[in-house]
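**Student:** Coordinates in my_file11.cif, mmCIF, C-alpha atoms and all ligand atoms, are listed below.
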data_target
loop_
_atom_site.label_atom_id
_atom_site.label_comp_id
_atom_site.auth_asym_id
_atom_site.auth_seq_id
_atom_site.Cartn_x
_atom_site.Cartn_y
_atom_site.Cartn_z
CA MET X 1 132.86 94.24 89.89
CA LEU X 2 133.31 94.23 86.11
CA LYS X 3 136.72 95.92 85.97
CA GLY X 4 138.85 94.14 83.39
CA LYS X 5 136.17 91.55 82.58
CA ARG X 6 135.95 90.66 78.87
CA ILE X 7 132.44 90.60 77.43
CA LEU X 8 131.77 89.35 73.92
CA LEU X 9 128.47 90.93 72.87
CA VAL X 10 126.57 89.26 70.03
CA ILE X 11 124.04 91.68 68.53
CA ALA X 12 121.32 90.01 66.47
CA GLY X 13 118.77 91.69 64.22
CA GLY X 14 115.88 93.19 66.15
CA ILE X 15 114.66 96.67 66.95
CA ALA X 16 116.00 96.22 70.51
CA ALA X 17 119.52 96.28 69.03
CA PHE X 18 119.45 100.03 69.58
CA LYS X 19 119.56 99.33 73.36
CA SER X 20 122.77 97.35 72.89
CA GLN X 21 124.68 100.57 72.34
CA GLU X 22 123.58 101.76 75.79
CA LEU X 23 124.54 98.34 77.15
CA VAL X 24 128.05 98.78 75.73
CA ARG X 25 128.25 102.26 77.26
CA LEU X 26 127.22 101.00 80.73
CA LEU X 27 129.69 98.11 80.57
CA ARG X 28 132.53 100.40 79.48
CA LYS X 29 131.63 102.77 82.31
CA ARG X 30 132.26 99.84 84.68
CA ASP X 31 135.69 99.32 83.06
CA ALA X 32 134.70 96.09 81.29
CA GLN X 33 136.25 95.33 77.90
CA VAL X 34 133.54 94.87 75.28
CA ARG X 35 134.01 93.28 71.88
CA CYS X 36 131.05 93.07 69.49
CA VAL X 37 129.95 90.46 66.98
CA LEU X 38 127.28 91.99 64.76
CA THR X 39 125.03 89.72 62.64
CA GLY X 40 124.01 90.77 59.15
CA ALA X 41 120.49 91.51 60.42
CA GLY X 42 121.90 93.33 63.46
CA ALA X 43 123.78 95.66 61.12
CA LYS X 44 120.39 96.84 59.78
CA PHE X 45 119.67 98.36 63.21
CA VAL X 46 123.09 99.55 64.49
CA THR X 47 126.16 100.49 62.56
CA PRO X 48 129.56 98.86 63.01
CA MET X 49 131.01 102.37 63.18
CA ALA X 50 128.93 103.34 66.25
CA LEU X 51 129.89 100.12 68.05
CA GLN X 52 133.54 100.54 67.10
CA VAL X 53 133.56 104.03 68.62
CA LEU X 54 131.79 102.87 71.80
CA THR X 55 133.94 99.76 72.32
CA GLU X 56 137.19 101.31 71.01
CA ASP X 57 137.69 97.95 69.33
CA LYS X 58 137.10 96.32 65.99
CA VAL X 59 133.58 95.01 65.32
CA TYR X 60 133.45 91.43 63.97
CA SER X 61 130.78 90.31 61.54
CA ASP X 62 132.15 88.14 58.78
CA LEU X 63 132.89 84.44 59.27
CA PHE X 64 134.85 84.28 56.04
CA SER X 65 136.90 87.44 56.38
CA LEU X 66 140.54 86.49 55.85
CA THR X 67 141.65 89.65 57.65
CA ASP X 68 139.51 88.88 60.69
CA GLU X 69 140.63 85.26 60.76
CA SER X 70 144.30 86.21 60.54
CA GLU X 71 143.89 88.85 63.28
CA MET X 72 141.71 86.72 65.59
CA GLY X 73 140.29 83.35 64.47
CA HIS X 74 136.66 82.73 65.35
CA ILE X 75 137.61 80.03 67.88
CA GLN X 76 139.89 82.45 69.72
CA LEU X 77 137.23 85.16 69.51
CA SER X 78 134.74 82.78 71.16
CA ARG X 79 137.09 81.94 74.00
CA ASP X 80 138.87 85.25 74.53
CA ALA X 81 136.04 86.43 76.79
CA ASP X 82 134.80 85.85 80.32
CA LEU X 83 131.18 85.88 79.20
CA VAL X 84 129.29 85.85 75.90
CA VAL X 85 126.14 87.99 75.91
CA VAL X 86 123.50 87.75 73.16
CA ALA X 87 121.45 90.97 73.18
CA PRO X 88 119.07 91.14 71.55
CA ALA X 89 118.53 87.39 71.34
CA THR X 90 115.94 87.13 68.60
CA ALA X 91 113.69 84.10 68.05
CA ASN X 92 115.83 83.32 65.03
CA ILE X 93 119.20 83.26 66.80
CA LEU X 94 117.74 81.29 69.74
CA ALA X 95 116.41 78.69 67.26
CA ARG X 96 119.79 78.50 65.52
CA MET X 97 121.57 78.15 68.88
CA ALA X 98 119.16 75.41 69.96
CA ALA X 99 119.70 73.58 66.65
CA GLY X 100 123.49 73.94 66.95
CA LEU X 101 123.82 75.76 63.62
CA ALA X 102 127.03 77.56 62.72
CA ASP X 103 126.10 79.39 59.55
CA ASP X 104 127.51 82.82 60.36
CA LEU X 105 130.11 84.30 62.70
CA ALA X 106 127.67 84.82 65.61
CA THR X 107 126.33 81.26 65.68
CA THR X 108 129.80 79.79 65.04
CA VAL X 109 131.18 81.73 67.99
CA LEU X 110 128.24 80.58 70.16
CA LEU X 111 128.79 76.95 69.18
CA ALA X 112 132.54 77.13 69.71
CA THR X 113 132.61 78.96 73.03
CA ASP X 114 133.50 77.29 76.30
CA LYS X 115 132.44 80.35 78.30
CA PRO X 116 129.09 81.05 80.00
CA VAL X 117 126.46 82.53 77.71
CA LEU X 118 123.74 85.00 78.74
CA ALA X 119 120.83 85.66 76.37
CA ALA X 120 118.50 88.67 76.55
CA PRO X 121 115.50 87.66 74.42
CA ALA X 122 113.64 90.30 72.42
CA MET X 123 110.81 89.55 70.06
CA ASN X 124 107.10 89.90 69.44
CA VAL X 125 104.91 88.37 72.17
CA ARG X 126 103.48 85.73 69.83
CA MET X 127 106.97 84.68 68.78
CA TRP X 128 108.06 84.45 72.45
CA THR X 129 105.03 82.32 73.40
CA HIS X 130 105.17 80.16 70.24
CA ALA X 131 105.69 76.48 71.07
CA ALA X 132 108.87 76.43 68.95
CA THR X 133 110.48 79.28 70.92
CA VAL X 134 109.32 77.83 74.25
CA ALA X 135 110.96 74.50 73.33
CA ASN X 136 114.15 76.22 72.11
CA VAL X 137 114.47 78.25 75.31
CA GLU X 138 113.93 75.15 77.42
CA THR X 139 116.62 73.28 75.45
CA LEU X 140 119.04 76.16 75.86
CA ARG X 141 118.31 76.48 79.60
CA ARG X 142 118.93 72.76 80.03
CA ARG X 143 122.28 73.22 78.30
CA GLY X 144 123.20 75.89 80.82
CA ILE X 145 122.48 79.06 78.83
CA HIS X 146 121.47 81.87 81.20
CA PHE X 147 118.56 84.18 80.45
CA VAL X 148 117.65 87.70 81.50
CA GLY X 149 114.10 88.78 80.66
CA PRO X 150 112.21 89.34 78.52
CA ASN X 151 110.01 91.94 80.21
CA ASP X 152 106.33 92.62 79.74
CA GLY X 153 105.43 95.81 77.96
CA VAL X 154 104.33 97.55 74.79
CA MET X 155 106.42 96.50 71.81
CA ALA X 156 107.57 98.23 68.68
CA CYS X 157 104.68 96.46 66.88
CA ASN X 158 102.25 97.99 69.45
CA GLU X 159 101.31 94.62 70.94
CA TYR X 160 101.52 94.15 74.70
CA GLY X 161 103.03 91.22 76.62
CA PRO X 162 106.32 89.47 77.35
CA GLY X 163 108.96 89.96 74.67
CA ARG X 164 110.59 93.33 75.37
CA MET X 165 114.31 93.05 75.87
CA SER X 166 115.40 93.74 79.47
CA GLU X 167 116.67 97.25 80.07
CA PRO X 168 120.46 97.65 79.73
CA GLU X 169 120.76 98.20 83.53
CA GLU X 170 119.03 94.84 84.14
CA ILE X 171 121.35 93.10 81.68
CA VAL X 172 124.36 94.67 83.40
CA ALA X 173 123.03 93.41 86.77
CA ALA X 174 122.65 89.90 85.33
CA ILE X 175 126.19 90.08 83.92
CA GLU X 176 127.52 91.21 87.29
CA SER X 177 125.80 88.39 89.11
CA LEU X 178 127.11 85.81 86.62
CA LEU X 179 130.66 87.07 86.89
CA THR X 180 130.58 87.37 90.66
CA THR X 181 133.22 85.07 91.99
CA GLU X 182 132.55 85.95 95.60
CA LYS X 183 130.61 83.26 97.45
CA PRO X 184 129.51 84.95 100.68
CA LEU X 185 127.13 82.06 101.43
CA ALA X 186 129.75 79.30 101.00
CA GLY X 187 129.36 76.83 103.88
CA LYS X 188 125.75 77.94 104.55
CA SER X 189 122.67 75.83 103.92
CA ALA X 190 119.34 77.11 102.65
CA LEU X 191 115.83 75.75 102.27
CA VAL X 192 113.46 77.39 99.77
CA THR X 193 109.80 76.56 99.11
CA SER X 194 108.37 77.48 95.73
CA GLY X 195 105.32 77.09 93.51
CA PRO X 196 101.75 76.14 94.38
CA THR X 197 100.51 73.11 96.29
CA ARG X 198 97.73 70.86 95.04
CA GLU X 199 95.15 69.53 97.46
CA ALA X 200 93.25 66.53 96.13
CA ILE X 201 89.45 66.68 96.02
CA ASP X 202 89.35 63.22 94.49
CA PRO X 203 91.82 61.30 92.31
CA VAL X 204 91.25 63.65 89.34
CA ARG X 205 90.44 67.09 90.84
CA TYR X 206 92.36 69.42 93.10
CA ILE X 207 92.44 72.86 94.78
CA SER X 208 95.43 75.02 93.78
CA ASN X 209 96.47 78.55 92.77
CA HIS X 210 98.29 80.49 90.04
CA SER X 211 101.85 80.40 91.42
CA SER X 212 104.36 79.60 88.66
CA GLY X 213 107.35 79.08 90.97
CA LYS X 214 109.35 81.78 89.15
CA GLN X 215 110.03 83.83 92.28
CA GLY X 216 110.87 80.88 94.52
CA HIS X 217 113.05 79.17 91.92
CA ALA X 218 114.92 82.43 91.26
CA ILE X 219 115.62 82.72 95.01
CA ALA X 220 116.97 79.17 95.14
CA ALA X 221 119.20 79.91 92.12
CA ALA X 222 120.45 83.20 93.62
CA LEU X 223 121.31 81.60 96.98
CA ALA X 224 123.18 78.81 95.15
CA GLN X 225 124.97 81.40 93.04
CA LEU X 226 126.26 83.03 96.22
CA GLY X 227 127.61 79.66 97.37
CA ALA X 228 124.83 78.25 99.61
CA GLU X 229 123.92 74.57 99.57
CA VAL X 230 120.26 74.84 98.61
CA THR X 231 117.32 72.45 98.95
CA LEU X 232 114.34 73.61 96.92
CA VAL X 233 110.99 72.08 97.86
CA SER X 234 108.76 72.76 94.91
CA GLY X 235 105.10 72.27 94.15
CA PRO X 236 104.07 71.34 90.59
CA VAL X 237 105.61 73.89 88.19
CA SER X 238 106.81 73.76 84.61
CA LEU X 239 110.21 75.33 85.26
CA PRO X 240 113.58 73.66 84.81
CA ASP X 241 115.50 72.87 88.01
CA PRO X 242 117.91 75.68 88.94
CA ALA X 243 121.55 74.66 88.45
CA GLY X 244 123.39 73.37 91.50
CA VAL X 245 120.26 73.03 93.66
CA THR X 246 118.76 69.87 95.20
CA VAL X 247 115.11 69.79 94.17
CA VAL X 248 112.42 67.87 96.07
CA ARG X 249 109.12 67.75 94.20
CA ILE X 250 105.89 67.51 96.14
CA ASP X 251 102.17 68.03 95.49
CA SER X 252 100.39 68.84 98.74
CA ALA X 253 101.08 71.10 101.73
CA ASP X 254 101.46 68.03 103.98
CA GLN X 255 104.16 66.71 101.64
CA MET X 256 105.83 70.15 101.49
CA LEU X 257 105.97 70.29 105.30
CA ALA X 258 107.40 66.76 105.52
CA ALA X 259 110.09 67.61 102.92
CA CYS X 260 111.01 70.83 104.75
CA LEU X 261 111.34 69.02 108.08
CA ALA X 262 113.38 66.26 106.42
CA ALA X 263 115.86 68.88 105.15
CA GLY X 264 117.08 69.20 108.76
CA LYS X 265 118.59 72.30 110.31
CA VAL X 266 119.49 74.97 107.78
CA ASP X 267 120.97 78.45 108.13
CA VAL X 268 118.18 80.15 106.21
CA ALA X 269 114.68 79.19 105.10
CA VAL X 270 112.78 81.22 102.50
CA CYS X 271 109.10 80.32 102.14
CA ALA X 272 108.05 81.67 98.75
CA ALA X 273 105.55 78.89 97.98
CA ALA X 274 101.88 79.69 97.64
CA VAL X 275 100.68 76.96 99.99
CA ALA X 276 96.96 76.21 99.88
CA ASP X 277 95.47 77.33 103.19
CA TRP X 278 92.88 74.56 103.16
CA LYS X 279 92.64 70.97 102.04
CA MET X 280 89.73 68.53 101.85
CA ALA X 281 88.79 67.16 105.25
CA ARG X 282 88.32 63.78 103.59
CA PRO X 283 89.47 63.60 99.94
CA ALA X 284 87.37 61.11 97.97
CA THR X 285 89.21 57.93 97.05
CA ALA X 286 87.20 57.51 93.82
CA LYS X 287 86.14 60.16 91.29
CA ILE X 288 83.09 62.01 92.61
CA LYS X 289 80.34 61.26 90.11
CA LYS X 290 78.11 63.98 88.68
CA LYS X 291 74.56 62.71 89.03
CA ALA X 292 71.80 64.23 86.87
CA GLY X 293 69.58 66.53 88.95
CA ALA X 294 71.67 66.10 92.14
CA ALA X 295 73.03 69.14 94.01
CA PRO X 296 76.77 69.84 93.60
CA PRO X 297 78.83 68.17 96.34
CA ALA X 298 79.65 70.27 99.42
CA LEU X 299 83.41 70.33 99.90
CA GLU X 300 84.30 70.17 103.57
CA LEU X 301 87.66 71.85 104.07
CA THR X 302 90.13 71.77 106.93
CA PRO X 303 93.22 73.98 107.46
CA ASN X 304 96.60 72.88 106.11
CA PRO X 305 99.65 72.93 108.38
CA ASP X 306 101.43 76.29 108.30
CA ILE X 307 104.94 75.50 107.07
CA LEU X 308 106.38 78.98 107.67
CA ALA X 309 105.01 79.13 111.23
CA THR X 310 106.24 75.59 111.93
CA LEU X 311 109.79 76.40 110.75
CA SER X 312 109.76 79.70 112.68
CA ARG X 313 108.90 77.94 115.95
CA ARG X 314 111.10 74.89 115.57
CA GLY X 315 113.16 75.24 118.76
CA PRO X 316 116.81 74.21 118.37
CA GLN X 317 116.15 73.13 114.76
CA ARG X 318 114.97 76.65 113.84
CA PRO X 319 116.91 78.20 110.95
CA THR X 320 119.03 81.21 111.95
CA LEU X 321 116.97 83.32 109.57
CA VAL X 322 113.40 82.58 108.48
CA VAL X 323 112.02 84.62 105.60
CA GLY X 324 108.35 84.45 104.68
CA PHE X 325 106.39 86.05 101.86
CA ALA X 326 103.09 87.87 102.22
CA ALA X 327 100.81 87.77 99.19
CA GLU X 328 98.23 90.52 99.67
CA THR X 329 95.59 92.26 97.61
CA GLU X 330 94.93 95.14 100.05
CA ASN X 331 96.67 96.96 102.94
CA LEU X 332 99.92 95.39 101.75
CA VAL X 333 102.37 96.64 104.35
CA ALA X 334 100.02 96.60 107.38
CA ASN X 335 98.85 93.06 106.62
CA ALA X 336 102.40 91.88 106.03
CA ILE X 337 103.62 93.36 109.33
CA GLU X 338 100.81 91.56 111.13
CA LYS X 339 101.61 88.31 109.25
CA ARG X 340 105.31 88.54 110.20
CA SER X 341 104.52 88.65 113.89
CA ARG X 342 101.69 86.08 113.71
CA LYS X 343 103.86 83.52 111.90
CA GLY X 344 106.99 84.27 113.93
CA CYS X 345 109.37 84.69 110.99
CA ASP X 346 112.28 87.17 111.02
CA TRP X 347 111.67 88.87 107.67
CA ILE X 348 108.68 89.00 105.41
CA VAL X 349 108.67 89.97 101.75
CA ALA X 350 105.36 91.64 100.94
CA ASN X 351 104.03 91.59 97.39
CA ASP X 352 100.75 92.75 95.92
CA VAL X 353 99.15 89.86 94.03
CA SER X 354 96.09 91.69 92.70
CA PRO X 355 95.49 90.43 89.14
CA SER X 356 96.43 93.85 87.69
CA THR X 357 99.99 93.52 89.05
CA GLY X 358 100.77 90.31 87.17
CA THR X 359 102.83 89.12 90.16
CA PHE X 360 101.50 85.57 89.97
CA GLY X 361 103.16 84.02 86.94
CA GLY X 362 104.72 87.26 85.66
CA GLU X 363 108.39 88.14 85.22
CA ARG X 364 108.55 91.10 87.59
CA ASN X 365 107.75 91.81 91.20
CA THR X 366 107.39 94.89 93.39
CA VAL X 367 108.20 94.01 96.98
CA HIS X 368 108.61 95.53 100.42
CA LEU X 369 111.15 93.85 102.69
CA ILE X 370 109.91 93.98 106.28
CA THR X 371 112.38 93.23 109.07
CA ALA X 372 112.65 94.11 112.77
CA GLU X 373 114.47 97.27 111.64
CA GLY X 374 111.64 98.56 109.46
CA VAL X 375 110.18 98.51 105.96
CA GLN X 376 112.20 98.85 102.74
CA ALA X 377 110.27 99.55 99.53
CA TRP X 378 112.12 98.07 96.54
CA PRO X 379 111.48 99.31 93.01
CA THR X 380 109.79 97.03 90.49
CA LEU X 381 112.44 94.52 89.44
CA SER X 382 112.65 91.28 87.51
CA LYS X 383 112.05 88.28 89.79
CA ASP X 384 115.68 87.28 89.19
CA ARG X 385 116.81 90.68 90.43
CA VAL X 386 114.50 90.53 93.50
CA ALA X 387 116.03 87.12 94.23
CA LEU X 388 119.61 88.37 93.92
CA GLN X 389 118.93 91.39 96.07
CA LEU X 390 117.26 89.20 98.72
CA ALA X 391 120.12 86.68 98.60
CA GLY X 392 122.58 89.57 99.03
CA ALA X 393 120.66 90.85 102.07
CA ILE X 394 120.58 87.32 103.53
CA ALA X 395 124.35 86.97 103.02
CA LEU X 396 124.95 90.29 104.79
CA HIS X 397 122.68 89.30 107.67
CA LEU X 398 124.28 85.89 108.17
CA ALA X 399 127.75 87.47 108.08
CA ARG X 400 126.88 89.66 111.11
CA PRO X 401 128.07 88.23 114.43
CA ARG X 402 125.19 86.64 116.39
CA PRO X 403 124.62 88.11 119.88
CA ALA X 404 126.23 85.03 121.56
CA GLU X 405 129.27 85.18 119.23
CA ALA X 406 129.58 88.93 119.71
CA ALA X 407 129.72 88.44 123.49
CA GLU X 408 132.56 85.87 123.26
O1 LIG G 1 105.30 81.71 91.89
P1 LIG G 1 105.22 83.04 91.17
O2 LIG G 1 104.24 82.99 90.02
O3 LIG G 1 106.58 83.56 90.78
O4 LIG G 1 104.59 84.09 92.19
C1 LIG G 1 105.31 84.45 93.32
C2 LIG G 1 104.43 84.48 94.58
C3 LIG G 1 103.38 85.56 94.42
C4 LIG G 1 103.75 83.13 94.81
C5 LIG G 1 105.40 84.79 95.78
O5 LIG G 1 106.07 85.98 95.55
C6 LIG G 1 104.61 84.85 97.09
O6 LIG G 1 104.04 85.86 97.47
N1 LIG G 1 104.60 83.71 97.82
C7 LIG G 1 103.78 83.53 99.04
C8 LIG G 1 102.36 83.18 98.65
C9 LIG G 1 101.45 82.96 99.85
O7 LIG G 1 100.94 81.89 100.03
O8 LIG G 1 101.36 84.01 100.65
P2 LIG G 1 100.45 84.04 102.01
O9 LIG G 1 100.40 85.47 102.37
O10 LIG G 1 99.16 83.30 101.81
O11 LIG G 1 101.33 83.21 103.04
C10 LIG G 1 102.26 83.84 103.90
C11 LIG G 1 103.47 82.97 104.08
O12 LIG G 1 103.11 81.75 104.74
C12 LIG G 1 104.18 82.57 102.82
O13 LIG G 1 105.57 82.58 103.08
C13 LIG G 1 103.71 81.14 102.57
O14 LIG G 1 104.70 80.36 101.90
C14 LIG G 1 103.53 80.66 103.99
N2 LIG G 1 102.50 79.61 104.19
C15 LIG G 1 101.18 79.87 103.94
C16 LIG G 1 100.24 78.91 104.22
C17 LIG G 1 100.66 77.66 104.72
N3 LIG G 1 99.79 76.70 104.98
N4 LIG G 1 101.97 77.42 104.94
C18 LIG G 1 102.89 78.38 104.69
O15 LIG G 1 104.09 78.15 104.88
#
Here is the file; what I need is its structure written in the form of structure tokens.

**Tutor:**
Amino acid sequence: MLKGKRILLVIAGGIAAFKSQELVRLLRKRDAQVRCVLTGAGAKFVTPMALQVLTEDKVYSDLFSLTDESEMGHIQLSRDADLVVVAPATANILARMAAGLADDLATTVLLATDKPVLAAPAMNVRMWTHAATVANVETLRRRGIHFVGPNDGVMACNEYGPGRMSEPEEIVAAIESLLTTEKPLAGKSALVTSGPTREAIDPVRYISNHSSGKQGHAIAAALAQLGAEVTLVSGPVSLPDPAGVTVVRIDSADQMLAACLAAGKVDVAVCAAAVADWKMARPATAKIKKKAGAAPPALELTPNPDILATLSRRGPQRPTLVVGFAAETENLVANAIEKRSRKGCDWIVANDVSPSTGTFGGERNTVHLITAEGVQAWPTLSKDRVALQLAGAIALHLARPRPAEAAE
């Protein structure tokens, strides 16, 4: 997939820079051409000599080098690539990218490039969750910068949390998916549900859950990347809209169902939303007042419509393939198998959502894909990778001749 592709790898100054050498090796193994831009801080962690040997090319680091400029000006360097990868992308370089600075070769190249850019963040957990970094990442995402990771884990500073750079294999997978020109889902339509729903108790209170929408949004993005026309029906989340996807925002399960039905007949529906199973039988129209000494109000609940089951049993309007999710905390596979047949969907993606797994809201997911053919256990992957793998499986399935077509 990467044969002959030209990757410009910007290596900034963080301890994760040591992984960039392995990244270069994996890319070269796939016959990609790799050229490196090493920042001054990056050079404290990896040597230009090591990168030169691995890439079999010159390593660029100086904006004002007359030799470099006469050999390959920085504008040409920024454009003479199919993809620019920043790994590690430190808090500092992300801030400089967001601010549009061009005060060294790396940032100048990043400002001048007209090619897609993929950033693999790596930094201390507090730096990653700092409001400044959160805002910078959001700005960059809005401008179309792609991200892979970071992962959760123990860091060089011994703290635990999100901030570890993705493993080189994951970065290679993200590069492959960005440079994939094949669109096996071109001409197909997809409906994806994502995020939580909110069920009003009164005008100021609601019932909801911890879904962040990361998994559902990643699936919508992956299906769009493979060429599908995607409608994403999303509950309230704080994620940016995936590129090239039509997003319908809703609050409640009733609204989610209405939006899904309004999307019309689609080729594939993926229900990744964490829909509240119950809503208030009669939500209060005014704020329920807390009266001194009075007992807390009893909340009378009633079941919500089941969107997955409704789509699965939609007669002629039924999608060709309906994929549900099963969020379980015990007997994962057995419960998911039972849920698949009860709801009538074709596939179900089972994931353990016990708090210790960090599935709700986290960056990674460990899933089992359950189909009529059996159960596939997937390794723990980033949610983006789960999404791509699922989108790939959907593309393969939809490419198979249907029984009626096969008989013709
Ligand atoms: O959003 P993230 O933080 O990234 O987390 C991802 C996730 C854990 C939410 C996701 O991977 C996941 O498991 N989504 C399904 C959550 C859920 O509600 O599971 P469930 O087992 O309760 O429901 C089974 C299926 O029925 C799901 O496809 C669900 O969308 C669907 N459902 C449930 C109830 C309902 N009223 N209508 C539905 O369509």

**Student:** Quick one, how far is CA of Glu169 (chain X) from CA of Ser212 (chain X)?

**Tutor:**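 According to the coordinates, CA of Glu169 (chain X) and CA of Ser212 (chain X) are separated by 25.3 Å.
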
**Student:** As JSON, numbers by chain, please: every protein or nucleic acid residue near ligand LIG 1 (chain G) (cut-off 6 Å, counting all atoms listed in the file).

**Tutor:** {"X": [195, 211, 212, 213, 214, 215, 271, 272, 273, 274, 275, 276, 277, 304, 305, 306, 307, 308, 324, 325, 326, 327, 351, 359, 360, 361]}

**Student:** With only C-alpha atoms as the counted atoms, please give the residues lying no more than 12 Å from Cys157 (chain X), apart from itself and same-chain residues fewer than 4 positions off, as a compact mmCIF listing (two decimals) with C-alpha atoms, in the coordinates of the input.

**Tutor:**
# COMPACT_ATOMS: atom_id res chain seq x y z
CA GLY X 14 115.88 93.19 66.15
CA ILE X 15 114.66 96.67 66.95
CA ALA X 16 116.00 96.22 70.51
CA MET X 123 110.81 89.55 70.06
CA ASN X 124 107.10 89.90 69.44
CA VAL X 125 104.91 88.37 72.17
CA ARG X 126 103.48 85.73 69.83
CA GLY X 153 105.43 95.81 77.96
CA GLY X 161 103.03 91.22 76.62
CA GLY X 163 108.96 89.96 74.67
CA ARG X 164 110.59 93.33 75.37

**Student:** Rank nothing, just name the residue among X:Val386, X:Ala32, X:Val192, X:Ile201 nearest to Ala259 (chain X), using all atoms listed in the file.

**Tutor:**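 Among the listed residues, X:Val192 lies closest to Ala259 (chain X).
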
**Student:** Counting all atoms listed in the file, figure out which residue out of X:Glu229, X:Glu338, X:Asp352, X:Glu56 gets nearest to Leu185 (chain X).

**Tutor:**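 Nearest to Leu185 (chain X): X:Glu229.
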
**Student:** Could you please determine the separation between CA of Glu182 (chain X) and CA of Ser194 (chain X) in Å, to one decimal place?

**Tutor:**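 Taking CA of Glu182 (chain X) as the start and CA of Ser194 (chain X) as the end point, the length is 25.6 Å.
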
**Student:** Mind checking which residues fall within 12 Å of Val333 (chain X), counting only C-alpha atoms, ignoring those fewer than 4 positions away in the same chain, and posting them as a PDB file with C-alpha atoms, in the frame of the given file?

**Tutor:**
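Saved the output as selection00.pdb:
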ATOM      1  CA  PHE X 325     106.390  86.050 101.860  1.00  0.00           C
ATOM      2  CA  ALA X 326     103.090  87.870 102.220  1.00  0.00           C
ATOM      3  CA  ALA X 327     100.810  87.770  99.190  1.00  0.00           C
ATOM      4  CA  GLU X 328      98.230  90.520  99.670  1.00  0.00           C
ATOM      5  CA  THR X 329      95.590  92.260  97.610  1.00  0.00           C
ATOM      6  CA  ILE X 337     103.620  93.360 109.330  1.00  0.00           C
ATOM      7  CA  GLU X 338     100.810  91.560 111.130  1.00  0.00           C
ATOM      8  CA  LYS X 339     101.610  88.310 109.250  1.00  0.00           C
ATOM      9  CA  ARG X 340     105.310  88.540 110.200  1.00  0.00           C
ATOM     10  CA  ILE X 348     108.680  89.000 105.410  1.00  0.00           C
ATOM     11  CA  VAL X 349     108.670  89.970 101.750  1.00  0.00           C
ATOM     12  CA  ALA X 350     105.360  91.640 100.940  1.00  0.00           C
ATOM     13  CA  ASN X 351     104.030  91.590  97.390  1.00  0.00           C
ATOM     14  CA  ASP X 352     100.750  92.750  95.920  1.00  0.00           C
ATOM     15  CA  VAL X 367     108.200  94.010  96.980  1.00  0.00           C
ATOM     16  CA  HIS X 368     108.610  95.530 100.420  1.00  0.00           C
ATOM     17  CA  LEU X 369     111.150  93.850 102.690  1.00  0.00           C
ATOM     18  CA  ILE X 370     109.910  93.980 106.280  1.00  0.00           C
ATOM     19  CA  THR X 371     112.380  93.230 109.070  1.00  0.00           C
ATOM     20  CA  GLY X 374     111.640  98.560 109.460  1.00  0.00           C
ATOM     21  CA  VAL X 375     110.180  98.510 105.960  1.00  0.00           C
ATOM     22  CA  GLN X 376     112.200  98.850 102.740  1.00  0.00           C
ATOM     23  CA  ALA X 377     110.270  99.550  99.530  1.00  0.00           C
TER      24      ALA X 377
END

**Student:** To one decimal in Å, tell me the separation between CA of Arg318 (chain X) and CA of Val270 (chain X).

**Tutor:**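 Between CA of Arg318 (chain X) and CA of Val270 (chain X) the gap is 12.4 Å.
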
**Student:** Using all atoms listed in the file, can you tell me which of X:Ala87, X:Ile75, X:Ala391, X:Leu261 comes closest to Leu111 (chain X)?

**Tutor:**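 So, comparing all the options, the nearest one is X:Ile75.
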
**Student:** Hey, which of X:Gly40, X:Gly227, X:Pro88, X:Gly100 ends up closest to Lys183 (chain X)? Count all atoms listed in the file.

**Tutor:**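 Checking each candidate against Lys183 (chain X), we get X:Gly227 as the closest.
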
**Student:** Please tell me which residues are no farther than 8 Å from (131.2, 91.7, 63.1) in the file, counting all atoms listed in the file, and write them as a PyMOL selection string.

**Tutor:** chain X and resi 36-39+48+59-62+105

**Student:** Which one is closest to Val268 (chain X): X:Lys5, X:Lys188, X:Arg364, X:Lys287? Count only C-alpha atoms.

**Tutor:**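 Using only C-alpha atoms, the shortest distance to Val268 (chain X) belongs to X:Lys188.
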